[in-house]
Amino acid sequence: MDDPRPVERLCHAIGLLLVVSGLVHLAVFAVDGGPWYGPVSWRKPVTFGLSFGVTLIAITWVTAYLRIGARLRAGLLAVFAADCVVEVGGITLQAWRRVPSHLDMETPFDTAVSMTLAVGGAVLVLLLTVFAVAAFRHRPTGPAGMAPAVRSGFAVLLVALASGAAMIARGVVLTRTGHQEAAYYSTAPLKPLHGVSLHAVLVLPALAWLLSRTSWSERSRRRVVAAGIGCYAAAVTAAGVWAVLTY
């Protein structure tokens with residue numbers, strides 16, 4: 001497996017810093033208080049810091065199993081890491097300014113931040129789609145069960161990206177048509193689906209890796225991974241049904 005160590009170390013360090021940022025803002029919330037839900041709350045820098053940090057670390061690790069050129073992988077990971085910093089940075093900035101981070105067009109500066117986050121989201125979709133295509137184009141390497149785990153993880157991740165794009169698109173339409181308040185709350189039905197499907201790319205490969213540390217036969221490990229994939233698919237389906245019923 002081709003392994004550009006400097007980029008991996010950089011991505012791991014940035015991922016850890018983003019996780020620390022999320023935890024720090026959890027402490028800020030504990031001290032400062034305020035609402036946990038809503039467009040203006042400390043929840044956003046907490047959840048986005050933790051989620052982006054964990055996702056960056058997960059993608060850095062999982063893509064090592066993809067059959068993709070070392071330079072291409074290094075370049076994509078570097079851009080992905082920078083984009084994660086931009087996304088979390090913009091969200092954190094707006095939280096400290098006590099204004100919404102997404103879909104806020106109240107001032108030119110707020111509009112610039114919202115559009116930067118939207119463009120950053122599009123870049124994330126593009127980068128992760130490239131990795132997903134690589135996962136399905138050539139069978140990933142790794143221990144027994146890793147290939148289906150990686151492929152399933154990226155497939156479910158695409159669901160997270162689609163639901164995230166749908167949230168932004170609906171919110172922008174409502175904002176542009178003068179329904180600013182409705183735009184802030186329009187994303188609620190899709191948030192469970194987005195959250196559940198976002199981390200399959202870590203959970204499923206991690207399951208395959210943990211099983212590789214046991215003395216179980218390859219056949220048993222593959223069966224457990226398949227069961228894990230089935231359970232995760234059921235959870236995503238349930239979240240999808242909830243989204244449809246409440247959208």
# chains A, B, ... in the order shown; residues from 1 in each chain; ligands from 1
$ select_by_dssp --residues "stretch 25-242 of chain A" --states "helix (DSSP H, G or I)" --output "short mmCIF file (atom, residue, chain, number, x, y, z; two decimals) with N, CA and C atoms, in the first residue's frame"
data_model
loop_
_atom_site.label_atom_id
_atom_site.label_comp_id
_atom_site.auth_asym_id
_atom_site.auth_seq_id
_atom_site.Cartn_x
_atom_site.Cartn_y
_atom_site.Cartn_z
N HIS A 25 -15.09 23.99 22.64
CA HIS A 25 -16.36 24.71 22.53
C HIS A 25 -17.48 24.02 23.32
N LEU A 26 -17.31 22.74 23.58
CA LEU A 26 -18.25 22.08 24.49
C LEU A 26 -18.08 22.65 25.89
N ALA A 27 -16.83 22.90 26.28
CA ALA A 27 -16.56 23.53 27.58
C ALA A 27 -17.09 24.97 27.60
N VAL A 28 -16.95 25.68 26.47
CA VAL A 28 -17.49 27.04 26.38
C VAL A 28 -18.99 27.02 26.57
N PHE A 29 -19.65 26.05 25.96
CA PHE A 29 -21.09 25.93 26.12
C PHE A 29 -21.46 25.67 27.58
N ALA A 30 -20.69 24.81 28.24
CA ALA A 30 -20.97 24.50 29.65
C ALA A 30 -20.86 25.75 30.52
N VAL A 31 -19.94 26.65 30.17
CA VAL A 31 -19.75 27.87 30.96
C VAL A 31 -20.73 28.96 30.54
N ASP A 32 -20.84 29.16 29.24
CA ASP A 32 -21.64 30.28 28.72
C ASP A 32 -23.13 29.97 28.66
N ARG A 43 -23.58 24.51 19.78
CA ARG A 43 -23.65 23.15 19.24
C ARG A 43 -22.89 23.03 17.92
N LYS A 44 -22.97 24.05 17.09
CA LYS A 44 -22.39 23.95 15.76
C LYS A 44 -20.86 23.83 15.77
N PRO A 45 -20.12 24.71 16.48
CA PRO A 45 -18.67 24.49 16.52
C PRO A 45 -18.29 23.20 17.24
N VAL A 46 -19.14 22.74 18.16
CA VAL A 46 -18.86 21.48 18.85
C VAL A 46 -19.00 20.31 17.88
N THR A 47 -20.18 20.19 17.28
CA THR A 47 -20.46 19.03 16.43
C THR A 47 -19.64 19.06 15.14
N PHE A 48 -19.45 20.22 14.57
CA PHE A 48 -18.68 20.29 13.33
C PHE A 48 -17.20 20.06 13.59
N GLY A 49 -16.69 20.58 14.70
CA GLY A 49 -15.29 20.33 15.03
C GLY A 49 -15.03 18.85 15.24
N LEU A 50 -15.87 18.21 16.04
CA LEU A 50 -15.71 16.78 16.29
C LEU A 50 -15.91 15.97 15.01
N SER A 51 -16.96 16.28 14.27
CA SER A 51 -17.29 15.49 13.08
C SER A 51 -16.24 15.63 11.99
N PHE A 52 -15.83 16.87 11.71
CA PHE A 52 -14.82 17.07 10.67
C PHE A 52 -13.48 16.49 11.09
N GLY A 53 -13.13 16.63 12.37
CA GLY A 53 -11.87 16.07 12.84
C GLY A 53 -11.82 14.57 12.70
N VAL A 54 -12.88 13.90 13.16
CA VAL A 54 -12.94 12.44 13.07
C VAL A 54 -12.98 11.99 11.60
N THR A 55 -13.74 12.71 10.78
CA THR A 55 -13.84 12.34 9.37
C THR A 55 -12.51 12.50 8.65
N LEU A 56 -11.78 13.57 8.93
CA LEU A 56 -10.47 13.77 8.30
C LEU A 56 -9.52 12.66 8.68
N ILE A 57 -9.49 12.29 9.95
CA ILE A 57 -8.62 11.19 10.39
C ILE A 57 -9.05 9.88 9.73
N ALA A 58 -10.36 9.65 9.66
CA ALA A 58 -10.88 8.41 9.08
C ALA A 58 -10.54 8.32 7.59
N ILE A 59 -10.76 9.41 6.85
CA ILE A 59 -10.49 9.40 5.42
C ILE A 59 -9.00 9.20 5.16
N THR A 60 -8.16 9.83 5.97
CA THR A 60 -6.71 9.66 5.81
C THR A 60 -6.32 8.20 5.98
N TRP A 61 -6.90 7.55 6.97
CA TRP A 61 -6.59 6.14 7.22
C TRP A 61 -7.18 5.23 6.15
N VAL A 62 -8.45 5.39 5.85
CA VAL A 62 -9.15 4.47 4.94
C VAL A 62 -8.60 4.55 3.52
N THR A 63 -8.25 5.76 3.06
CA THR A 63 -7.76 5.88 1.69
C THR A 63 -6.42 5.18 1.47
N ALA A 64 -5.73 4.81 2.55
CA ALA A 64 -4.50 4.04 2.40
C ALA A 64 -4.78 2.66 1.82
N TYR A 65 -6.02 2.20 1.92
CA TYR A 65 -6.39 0.89 1.37
C TYR A 65 -6.84 0.99 -0.09
N ALA A 70 0.10 7.55 -5.16
CA ALA A 70 0.52 8.21 -3.93
C ALA A 70 0.43 9.73 -4.05
N ARG A 71 0.88 10.28 -5.17
CA ARG A 71 0.85 11.73 -5.34
C ARG A 71 -0.58 12.25 -5.42
N LEU A 72 -1.41 11.54 -6.16
CA LEU A 72 -2.81 11.95 -6.27
C LEU A 72 -3.49 11.92 -4.90
N ARG A 73 -3.27 10.83 -4.17
CA ARG A 73 -3.87 10.70 -2.83
C ARG A 73 -3.38 11.81 -1.92
N ALA A 74 -2.07 12.09 -1.96
CA ALA A 74 -1.50 13.14 -1.11
C ALA A 74 -2.11 14.50 -1.43
N GLY A 75 -2.25 14.78 -2.72
CA GLY A 75 -2.83 16.06 -3.13
C GLY A 75 -4.28 16.20 -2.70
N LEU A 76 -5.06 15.13 -2.89
CA LEU A 76 -6.46 15.16 -2.50
C LEU A 76 -6.62 15.31 -0.99
N LEU A 77 -5.77 14.61 -0.23
CA LEU A 77 -5.85 14.70 1.23
C LEU A 77 -5.47 16.10 1.71
N ALA A 78 -4.48 16.72 1.08
CA ALA A 78 -4.08 18.06 1.48
C ALA A 78 -5.21 19.06 1.26
N VAL A 79 -5.86 18.96 0.10
CA VAL A 79 -6.99 19.85 -0.18
C VAL A 79 -8.15 19.57 0.77
N PHE A 80 -8.38 18.29 1.03
CA PHE A 80 -9.46 17.91 1.95
C PHE A 80 -9.21 18.47 3.35
N ALA A 81 -7.98 18.38 3.83
CA ALA A 81 -7.64 18.90 5.15
C ALA A 81 -7.84 20.41 5.21
N ALA A 82 -7.39 21.12 4.17
CA ALA A 82 -7.56 22.57 4.13
C ALA A 82 -9.04 22.94 4.11
N ASP A 83 -9.83 22.19 3.37
CA ASP A 83 -11.26 22.46 3.29
C ASP A 83 -11.94 22.23 4.64
N CYS A 84 -11.52 21.20 5.35
CA CYS A 84 -12.07 20.94 6.68
C CYS A 84 -11.80 22.11 7.62
N VAL A 85 -10.59 22.67 7.53
CA VAL A 85 -10.23 23.81 8.37
C VAL A 85 -11.10 25.02 8.03
N VAL A 86 -11.30 25.25 6.75
CA VAL A 86 -12.13 26.37 6.31
C VAL A 86 -13.56 26.21 6.82
N GLU A 87 -14.11 25.01 6.69
CA GLU A 87 -15.49 24.78 7.12
C GLU A 87 -15.65 24.99 8.63
N VAL A 88 -14.81 24.36 9.40
CA VAL A 88 -14.91 24.48 10.86
C VAL A 88 -14.57 25.90 11.30
N GLY A 89 -13.59 26.52 10.63
CA GLY A 89 -13.22 27.89 10.98
C GLY A 89 -14.35 28.88 10.74
N GLY A 90 -15.02 28.75 9.61
CA GLY A 90 -16.14 29.65 9.31
C GLY A 90 -17.29 29.48 10.28
N ILE A 91 -17.60 28.23 10.59
CA ILE A 91 -18.69 27.94 11.52
C ILE A 91 -18.36 28.46 12.92
N THR A 92 -17.11 28.27 13.34
CA THR A 92 -16.68 28.73 14.66
C THR A 92 -16.69 30.25 14.74
N LEU A 93 -16.21 30.90 13.69
CA LEU A 93 -16.21 32.36 13.65
C LEU A 93 -17.61 32.92 13.84
N GLN A 94 -18.56 32.37 13.12
CA GLN A 94 -19.94 32.87 13.21
C GLN A 94 -20.57 32.57 14.57
N ALA A 95 -20.17 31.46 15.18
CA ALA A 95 -20.69 31.16 16.52
C ALA A 95 -20.23 32.21 17.53
N TRP A 96 -18.98 32.62 17.42
CA TRP A 96 -18.47 33.66 18.32
C TRP A 96 -19.09 35.02 18.00
N PRO A 108 -23.20 41.73 3.92
CA PRO A 108 -22.23 41.25 2.92
C PRO A 108 -21.21 40.27 3.51
N PHE A 109 -20.76 40.54 4.76
CA PHE A 109 -19.78 39.63 5.37
C PHE A 109 -20.40 38.28 5.66
N ASP A 110 -21.63 38.28 6.22
CA ASP A 110 -22.30 37.01 6.51
C ASP A 110 -22.57 36.23 5.22
N THR A 111 -22.92 36.96 4.18
CA THR A 111 -23.15 36.31 2.88
C THR A 111 -21.87 35.67 2.37
N ALA A 112 -20.74 36.38 2.53
CA ALA A 112 -19.45 35.84 2.08
C ALA A 112 -19.10 34.57 2.84
N VAL A 113 -19.35 34.57 4.17
CA VAL A 113 -19.06 33.38 4.97
C VAL A 113 -19.95 32.22 4.53
N SER A 114 -21.24 32.49 4.37
CA SER A 114 -22.18 31.44 3.97
C SER A 114 -21.82 30.86 2.62
N MET A 115 -21.46 31.72 1.67
CA MET A 115 -21.10 31.24 0.34
C MET A 115 -19.78 30.47 0.36
N THR A 116 -18.85 30.91 1.21
CA THR A 116 -17.58 30.17 1.35
C THR A 116 -17.84 28.77 1.89
N LEU A 117 -18.71 28.67 2.88
CA LEU A 117 -19.05 27.36 3.43
C LEU A 117 -19.75 26.49 2.39
N ALA A 118 -20.60 27.11 1.58
CA ALA A 118 -21.31 26.36 0.54
C ALA A 118 -20.33 25.84 -0.52
N VAL A 119 -19.40 26.70 -0.93
CA VAL A 119 -18.40 26.28 -1.92
C VAL A 119 -17.50 25.20 -1.32
N GLY A 120 -17.13 25.39 -0.05
CA GLY A 120 -16.33 24.38 0.62
C GLY A 120 -17.04 23.04 0.69
N GLY A 121 -18.35 23.09 0.90
CA GLY A 121 -19.13 21.86 0.90
C GLY A 121 -19.10 21.17 -0.45
N ALA A 122 -19.16 21.97 -1.52
CA ALA A 122 -19.10 21.40 -2.87
C ALA A 122 -17.75 20.75 -3.13
N VAL A 123 -16.68 21.37 -2.62
CA VAL A 123 -15.34 20.79 -2.78
C VAL A 123 -15.25 19.47 -2.03
N LEU A 124 -15.84 19.42 -0.83
CA LEU A 124 -15.85 18.17 -0.06
C LEU A 124 -16.55 17.07 -0.84
N VAL A 125 -17.69 17.40 -1.43
CA VAL A 125 -18.43 16.41 -2.21
C VAL A 125 -17.58 15.88 -3.35
N LEU A 126 -16.90 16.78 -4.05
CA LEU A 126 -16.06 16.39 -5.19
C LEU A 126 -14.93 15.47 -4.75
N LEU A 127 -14.21 15.87 -3.70
CA LEU A 127 -13.07 15.08 -3.23
C LEU A 127 -13.48 13.69 -2.76
N LEU A 128 -14.54 13.63 -1.96
CA LEU A 128 -14.97 12.35 -1.42
C LEU A 128 -15.57 11.46 -2.51
N THR A 129 -16.16 12.08 -3.52
CA THR A 129 -16.67 11.29 -4.65
C THR A 129 -15.52 10.65 -5.43
N VAL A 130 -14.43 11.40 -5.57
CA VAL A 130 -13.25 10.84 -6.26
C VAL A 130 -12.74 9.62 -5.50
N PHE A 131 -12.67 9.72 -4.17
CA PHE A 131 -12.22 8.57 -3.37
C PHE A 131 -13.20 7.41 -3.49
N ALA A 132 -14.49 7.71 -3.50
CA ALA A 132 -15.50 6.66 -3.61
C ALA A 132 -15.39 5.94 -4.95
N VAL A 133 -15.18 6.69 -6.01
CA VAL A 133 -15.02 6.08 -7.33
C VAL A 133 -13.79 5.18 -7.34
N ALA A 134 -12.71 5.64 -6.72
CA ALA A 134 -11.48 4.83 -6.65
C ALA A 134 -11.72 3.53 -5.90
N ALA A 135 -12.56 3.60 -4.85
CA ALA A 135 -12.86 2.40 -4.06
C ALA A 135 -13.61 1.35 -4.88
N PHE A 136 -14.46 1.81 -5.79
CA PHE A 136 -15.25 0.86 -6.59
C PHE A 136 -14.58 0.50 -7.91
N ARG A 137 -13.66 1.33 -8.33
CA ARG A 137 -12.96 1.04 -9.59
C ARG A 137 -11.98 -0.10 -9.43
N MET A 146 -12.16 -6.13 4.58
CA MET A 146 -11.85 -4.70 4.46
C MET A 146 -12.40 -4.12 3.15
N ALA A 147 -12.28 -4.85 2.06
CA ALA A 147 -12.75 -4.33 0.77
C ALA A 147 -14.24 -3.99 0.80
N PRO A 148 -15.13 -4.92 1.19
CA PRO A 148 -16.55 -4.55 1.25
C PRO A 148 -16.83 -3.48 2.30
N ALA A 149 -16.06 -3.47 3.39
CA ALA A 149 -16.26 -2.45 4.42
C ALA A 149 -15.93 -1.06 3.88
N VAL A 150 -14.81 -0.95 3.16
CA VAL A 150 -14.42 0.34 2.59
C VAL A 150 -15.42 0.78 1.53
N ARG A 151 -15.79 -0.13 0.67
CA ARG A 151 -16.74 0.22 -0.39
C ARG A 151 -18.10 0.61 0.18
N SER A 152 -18.58 -0.14 1.15
CA SER A 152 -19.86 0.20 1.77
C SER A 152 -19.77 1.52 2.52
N GLY A 153 -18.64 1.75 3.20
CA GLY A 153 -18.45 3.01 3.91
C GLY A 153 -18.54 4.20 2.98
N PHE A 154 -17.88 4.11 1.83
CA PHE A 154 -17.92 5.21 0.88
C PHE A 154 -19.31 5.34 0.23
N ALA A 155 -19.97 4.21 -0.01
CA ALA A 155 -21.32 4.27 -0.58
C ALA A 155 -22.27 5.00 0.35
N VAL A 156 -22.20 4.66 1.65
CA VAL A 156 -23.06 5.33 2.62
C VAL A 156 -22.65 6.78 2.79
N LEU A 157 -21.35 7.06 2.68
CA LEU A 157 -20.88 8.44 2.77
C LEU A 157 -21.48 9.29 1.66
N LEU A 158 -21.68 8.71 0.50
CA LEU A 158 -22.31 9.44 -0.60
C LEU A 158 -23.74 9.83 -0.24
N VAL A 159 -24.41 9.00 0.56
CA VAL A 159 -25.74 9.35 1.05
C VAL A 159 -25.66 10.57 1.94
N ALA A 160 -24.65 10.62 2.80
CA ALA A 160 -24.44 11.77 3.68
C ALA A 160 -24.20 13.03 2.86
N LEU A 161 -23.40 12.91 1.80
CA LEU A 161 -23.11 14.07 0.96
C LEU A 161 -24.37 14.54 0.25
N ALA A 162 -25.18 13.60 -0.25
CA ALA A 162 -26.42 13.96 -0.95
C ALA A 162 -27.39 14.64 0.00
N SER A 163 -27.52 14.12 1.21
CA SER A 163 -28.45 14.73 2.18
C SER A 163 -27.95 16.11 2.60
N GLY A 164 -26.64 16.27 2.74
CA GLY A 164 -26.09 17.58 3.07
C GLY A 164 -26.35 18.58 1.97
N ALA A 165 -26.15 18.15 0.71
CA ALA A 165 -26.42 19.04 -0.43
C ALA A 165 -27.89 19.41 -0.49
N ALA A 166 -28.76 18.46 -0.17
CA ALA A 166 -30.20 18.73 -0.18
C ALA A 166 -30.57 19.75 0.89
N MET A 167 -29.95 19.66 2.06
CA MET A 167 -30.21 20.63 3.13
C MET A 167 -29.82 22.03 2.69
N ILE A 168 -28.63 22.15 2.11
CA ILE A 168 -28.15 23.46 1.68
C ILE A 168 -29.03 24.02 0.56
N ALA A 169 -29.37 23.17 -0.40
CA ALA A 169 -30.17 23.62 -1.54
C ALA A 169 -31.54 24.13 -1.09
N ARG A 170 -32.19 23.37 -0.22
CA ARG A 170 -33.51 23.79 0.26
C ARG A 170 -33.41 25.08 1.07
N GLY A 171 -32.40 25.17 1.90
CA GLY A 171 -32.22 26.37 2.71
C GLY A 171 -31.95 27.60 1.86
N VAL A 172 -31.14 27.46 0.82
CA VAL A 172 -30.83 28.59 -0.06
C VAL A 172 -32.09 29.06 -0.79
N VAL A 173 -32.89 28.11 -1.26
CA VAL A 173 -34.14 28.47 -1.95
C VAL A 173 -35.05 29.26 -1.03
N LEU A 174 -35.21 28.78 0.21
CA LEU A 174 -36.07 29.48 1.17
C LEU A 174 -35.52 30.85 1.50
N THR A 175 -34.19 30.95 1.63
CA THR A 175 -33.58 32.24 1.93
C THR A 175 -33.79 33.22 0.79
N ARG A 176 -33.57 32.76 -0.43
CA ARG A 176 -33.69 33.62 -1.60
C ARG A 176 -35.13 34.07 -1.83
N GLN A 180 -36.31 33.45 5.55
CA GLN A 180 -35.06 33.23 6.26
C GLN A 180 -35.22 32.33 7.48
N GLU A 181 -36.22 32.60 8.30
CA GLU A 181 -36.41 31.81 9.51
C GLU A 181 -36.74 30.37 9.18
N ALA A 182 -37.58 30.16 8.17
CA ALA A 182 -37.92 28.80 7.76
C ALA A 182 -36.70 28.06 7.24
N ALA A 183 -35.78 28.79 6.59
CA ALA A 183 -34.57 28.17 6.04
C ALA A 183 -33.72 27.56 7.14
N TYR A 184 -33.64 28.25 8.30
CA TYR A 184 -32.81 27.77 9.39
C TYR A 184 -33.31 26.43 9.94
N TYR A 185 -34.62 26.25 9.91
CA TYR A 185 -35.20 25.05 10.51
C TYR A 185 -35.58 23.99 9.47
N ALA A 188 -33.82 20.26 9.58
CA ALA A 188 -34.00 19.32 10.69
C ALA A 188 -34.33 17.89 10.26
N PRO A 189 -35.26 17.68 9.31
CA PRO A 189 -35.62 16.30 8.95
C PRO A 189 -34.47 15.47 8.39
N LEU A 190 -33.51 16.15 7.74
CA LEU A 190 -32.42 15.41 7.09
C LEU A 190 -31.19 15.25 7.99
N LYS A 191 -31.16 15.92 9.12
CA LYS A 191 -29.98 15.85 9.98
C LYS A 191 -29.69 14.45 10.51
N PRO A 192 -30.70 13.67 10.96
CA PRO A 192 -30.39 12.30 11.41
C PRO A 192 -29.78 11.44 10.29
N LEU A 193 -30.34 11.53 9.09
CA LEU A 193 -29.80 10.77 7.96
C LEU A 193 -28.37 11.20 7.66
N HIS A 194 -28.13 12.50 7.66
CA HIS A 194 -26.79 13.03 7.39
C HIS A 194 -25.80 12.56 8.44
N GLY A 195 -26.19 12.64 9.71
CA GLY A 195 -25.29 12.27 10.79
C GLY A 195 -24.97 10.79 10.83
N VAL A 196 -25.99 9.95 10.63
CA VAL A 196 -25.79 8.50 10.69
C VAL A 196 -24.90 8.03 9.54
N SER A 197 -25.17 8.53 8.35
CA SER A 197 -24.45 8.03 7.17
C SER A 197 -23.04 8.61 7.05
N LEU A 198 -22.76 9.69 7.76
CA LEU A 198 -21.47 10.36 7.61
C LEU A 198 -20.30 9.51 8.09
N ALA A 200 -20.02 6.06 8.46
CA ALA A 200 -19.89 4.65 8.05
C ALA A 200 -18.50 4.36 7.52
N VAL A 201 -17.88 5.37 6.91
CA VAL A 201 -16.56 5.19 6.31
C VAL A 201 -15.49 4.96 7.38
N LEU A 202 -15.81 5.27 8.62
CA LEU A 202 -14.91 4.96 9.73
C LEU A 202 -15.34 3.68 10.44
N VAL A 203 -16.63 3.56 10.75
CA VAL A 203 -17.12 2.45 11.56
C VAL A 203 -16.91 1.10 10.89
N LEU A 204 -17.27 0.98 9.61
CA LEU A 204 -17.20 -0.32 8.94
C LEU A 204 -15.75 -0.78 8.70
N PRO A 205 -14.86 0.08 8.18
CA PRO A 205 -13.46 -0.36 8.07
C PRO A 205 -12.83 -0.64 9.43
N ALA A 206 -13.21 0.13 10.46
CA ALA A 206 -12.67 -0.12 11.80
C ALA A 206 -13.10 -1.49 12.30
N LEU A 207 -14.32 -1.90 11.98
CA LEU A 207 -14.80 -3.22 12.35
C LEU A 207 -13.94 -4.30 11.69
N ALA A 208 -13.69 -4.14 10.39
CA ALA A 208 -12.86 -5.11 9.66
C ALA A 208 -11.45 -5.15 10.23
N TRP A 209 -10.90 -4.00 10.59
CA TRP A 209 -9.55 -3.96 11.15
C TRP A 209 -9.50 -4.63 12.52
N LEU A 210 -10.47 -4.35 13.36
CA LEU A 210 -10.50 -4.97 14.69
C LEU A 210 -10.63 -6.48 14.60
N LEU A 211 -11.43 -6.95 13.66
CA LEU A 211 -11.59 -8.39 13.48
C LEU A 211 -10.29 -9.03 13.01
N SER A 212 -9.49 -8.26 12.25
CA SER A 212 -8.22 -8.81 11.76
C SER A 212 -7.23 -9.05 12.91
N GLU A 218 -11.01 -16.28 8.34
CA GLU A 218 -11.38 -15.24 7.39
C GLU A 218 -12.87 -15.31 7.06
N ARG A 219 -13.39 -16.53 6.96
CA ARG A 219 -14.80 -16.69 6.66
C ARG A 219 -15.68 -16.07 7.74
N SER A 220 -15.33 -16.29 8.99
CA SER A 220 -16.10 -15.71 10.10
C SER A 220 -16.00 -14.20 10.11
N ARG A 221 -14.82 -13.69 9.84
CA ARG A 221 -14.64 -12.23 9.84
C ARG A 221 -15.45 -11.59 8.72
N ARG A 222 -15.46 -12.22 7.57
CA ARG A 222 -16.25 -11.67 6.46
C ARG A 222 -17.74 -11.67 6.79
N ARG A 223 -18.19 -12.71 7.47
CA ARG A 223 -19.60 -12.78 7.86
C ARG A 223 -19.96 -11.67 8.85
N VAL A 224 -19.07 -11.42 9.81
CA VAL A 224 -19.34 -10.37 10.79
C VAL A 224 -19.35 -9.00 10.12
N VAL A 225 -18.42 -8.78 9.20
CA VAL A 225 -18.39 -7.52 8.47
C VAL A 225 -19.68 -7.36 7.66
N ALA A 226 -20.11 -8.43 7.01
CA ALA A 226 -21.35 -8.38 6.23
C ALA A 226 -22.54 -8.05 7.13
N ALA A 227 -22.56 -8.64 8.33
CA ALA A 227 -23.64 -8.34 9.28
C ALA A 227 -23.58 -6.88 9.70
N GLY A 228 -22.37 -6.37 9.93
CA GLY A 228 -22.21 -4.97 10.31
C GLY A 228 -22.69 -4.04 9.21
N ILE A 229 -22.37 -4.38 7.97
CA ILE A 229 -22.83 -3.58 6.83
C ILE A 229 -24.36 -3.60 6.77
N GLY A 230 -24.95 -4.77 7.00
CA GLY A 230 -26.40 -4.87 6.99
C GLY A 230 -27.05 -4.03 8.08
N CYS A 231 -26.47 -4.04 9.27
CA CYS A 231 -27.01 -3.24 10.38
C CYS A 231 -26.89 -1.75 10.09
N TYR A 232 -25.77 -1.37 9.51
CA TYR A 232 -25.59 0.05 9.20
C TYR A 232 -26.56 0.48 8.10
N ALA A 233 -26.77 -0.39 7.12
CA ALA A 233 -27.72 -0.09 6.06
C ALA A 233 -29.13 0.07 6.62
N ALA A 234 -29.47 -0.76 7.60
CA ALA A 234 -30.79 -0.66 8.23
C ALA A 234 -30.94 0.67 8.96
N ALA A 235 -29.88 1.10 9.65
CA ALA A 235 -29.93 2.37 10.36
C ALA A 235 -30.09 3.54 9.40
N VAL A 236 -29.37 3.50 8.29
CA VAL A 236 -29.47 4.55 7.29
C VAL A 236 -30.87 4.56 6.67
N THR A 237 -31.40 3.37 6.40
CA THR A 237 -32.75 3.27 5.84
C THR A 237 -33.78 3.86 6.78
N ALA A 238 -33.65 3.55 8.08
CA ALA A 238 -34.58 4.09 9.06
C ALA A 238 -34.51 5.61 9.11
N ALA A 239 -33.28 6.14 9.08
CA ALA A 239 -33.12 7.59 9.08
C ALA A 239 -33.69 8.21 7.81
N GLY A 240 -33.55 7.48 6.69
CA GLY A 240 -34.10 7.96 5.43
C GLY A 240 -35.62 7.99 5.45
N VAL A 241 -36.24 6.96 6.03
CA VAL A 241 -37.70 6.92 6.15
C VAL A 241 -38.19 8.08 7.01
N TRP A 242 -37.48 8.31 8.12
CA TRP A 242 -37.82 9.44 9.00
C TRP A 242 -37.74 10.76 8.24
#
$ atom_distance --atom1 "atom CA of A:Pro35" --atom2 "atom CA of A:Thr177"
27.1 Å
$ atom_distance --atom1 "atom CA of A:Val24" --atom2 "atom CA of A:Thr107"
28.2 Å
$ atom_distance --atom1 "atom CA of A:Gly145" --atom2 "atom CA of A:Thr214"
13.0 Å
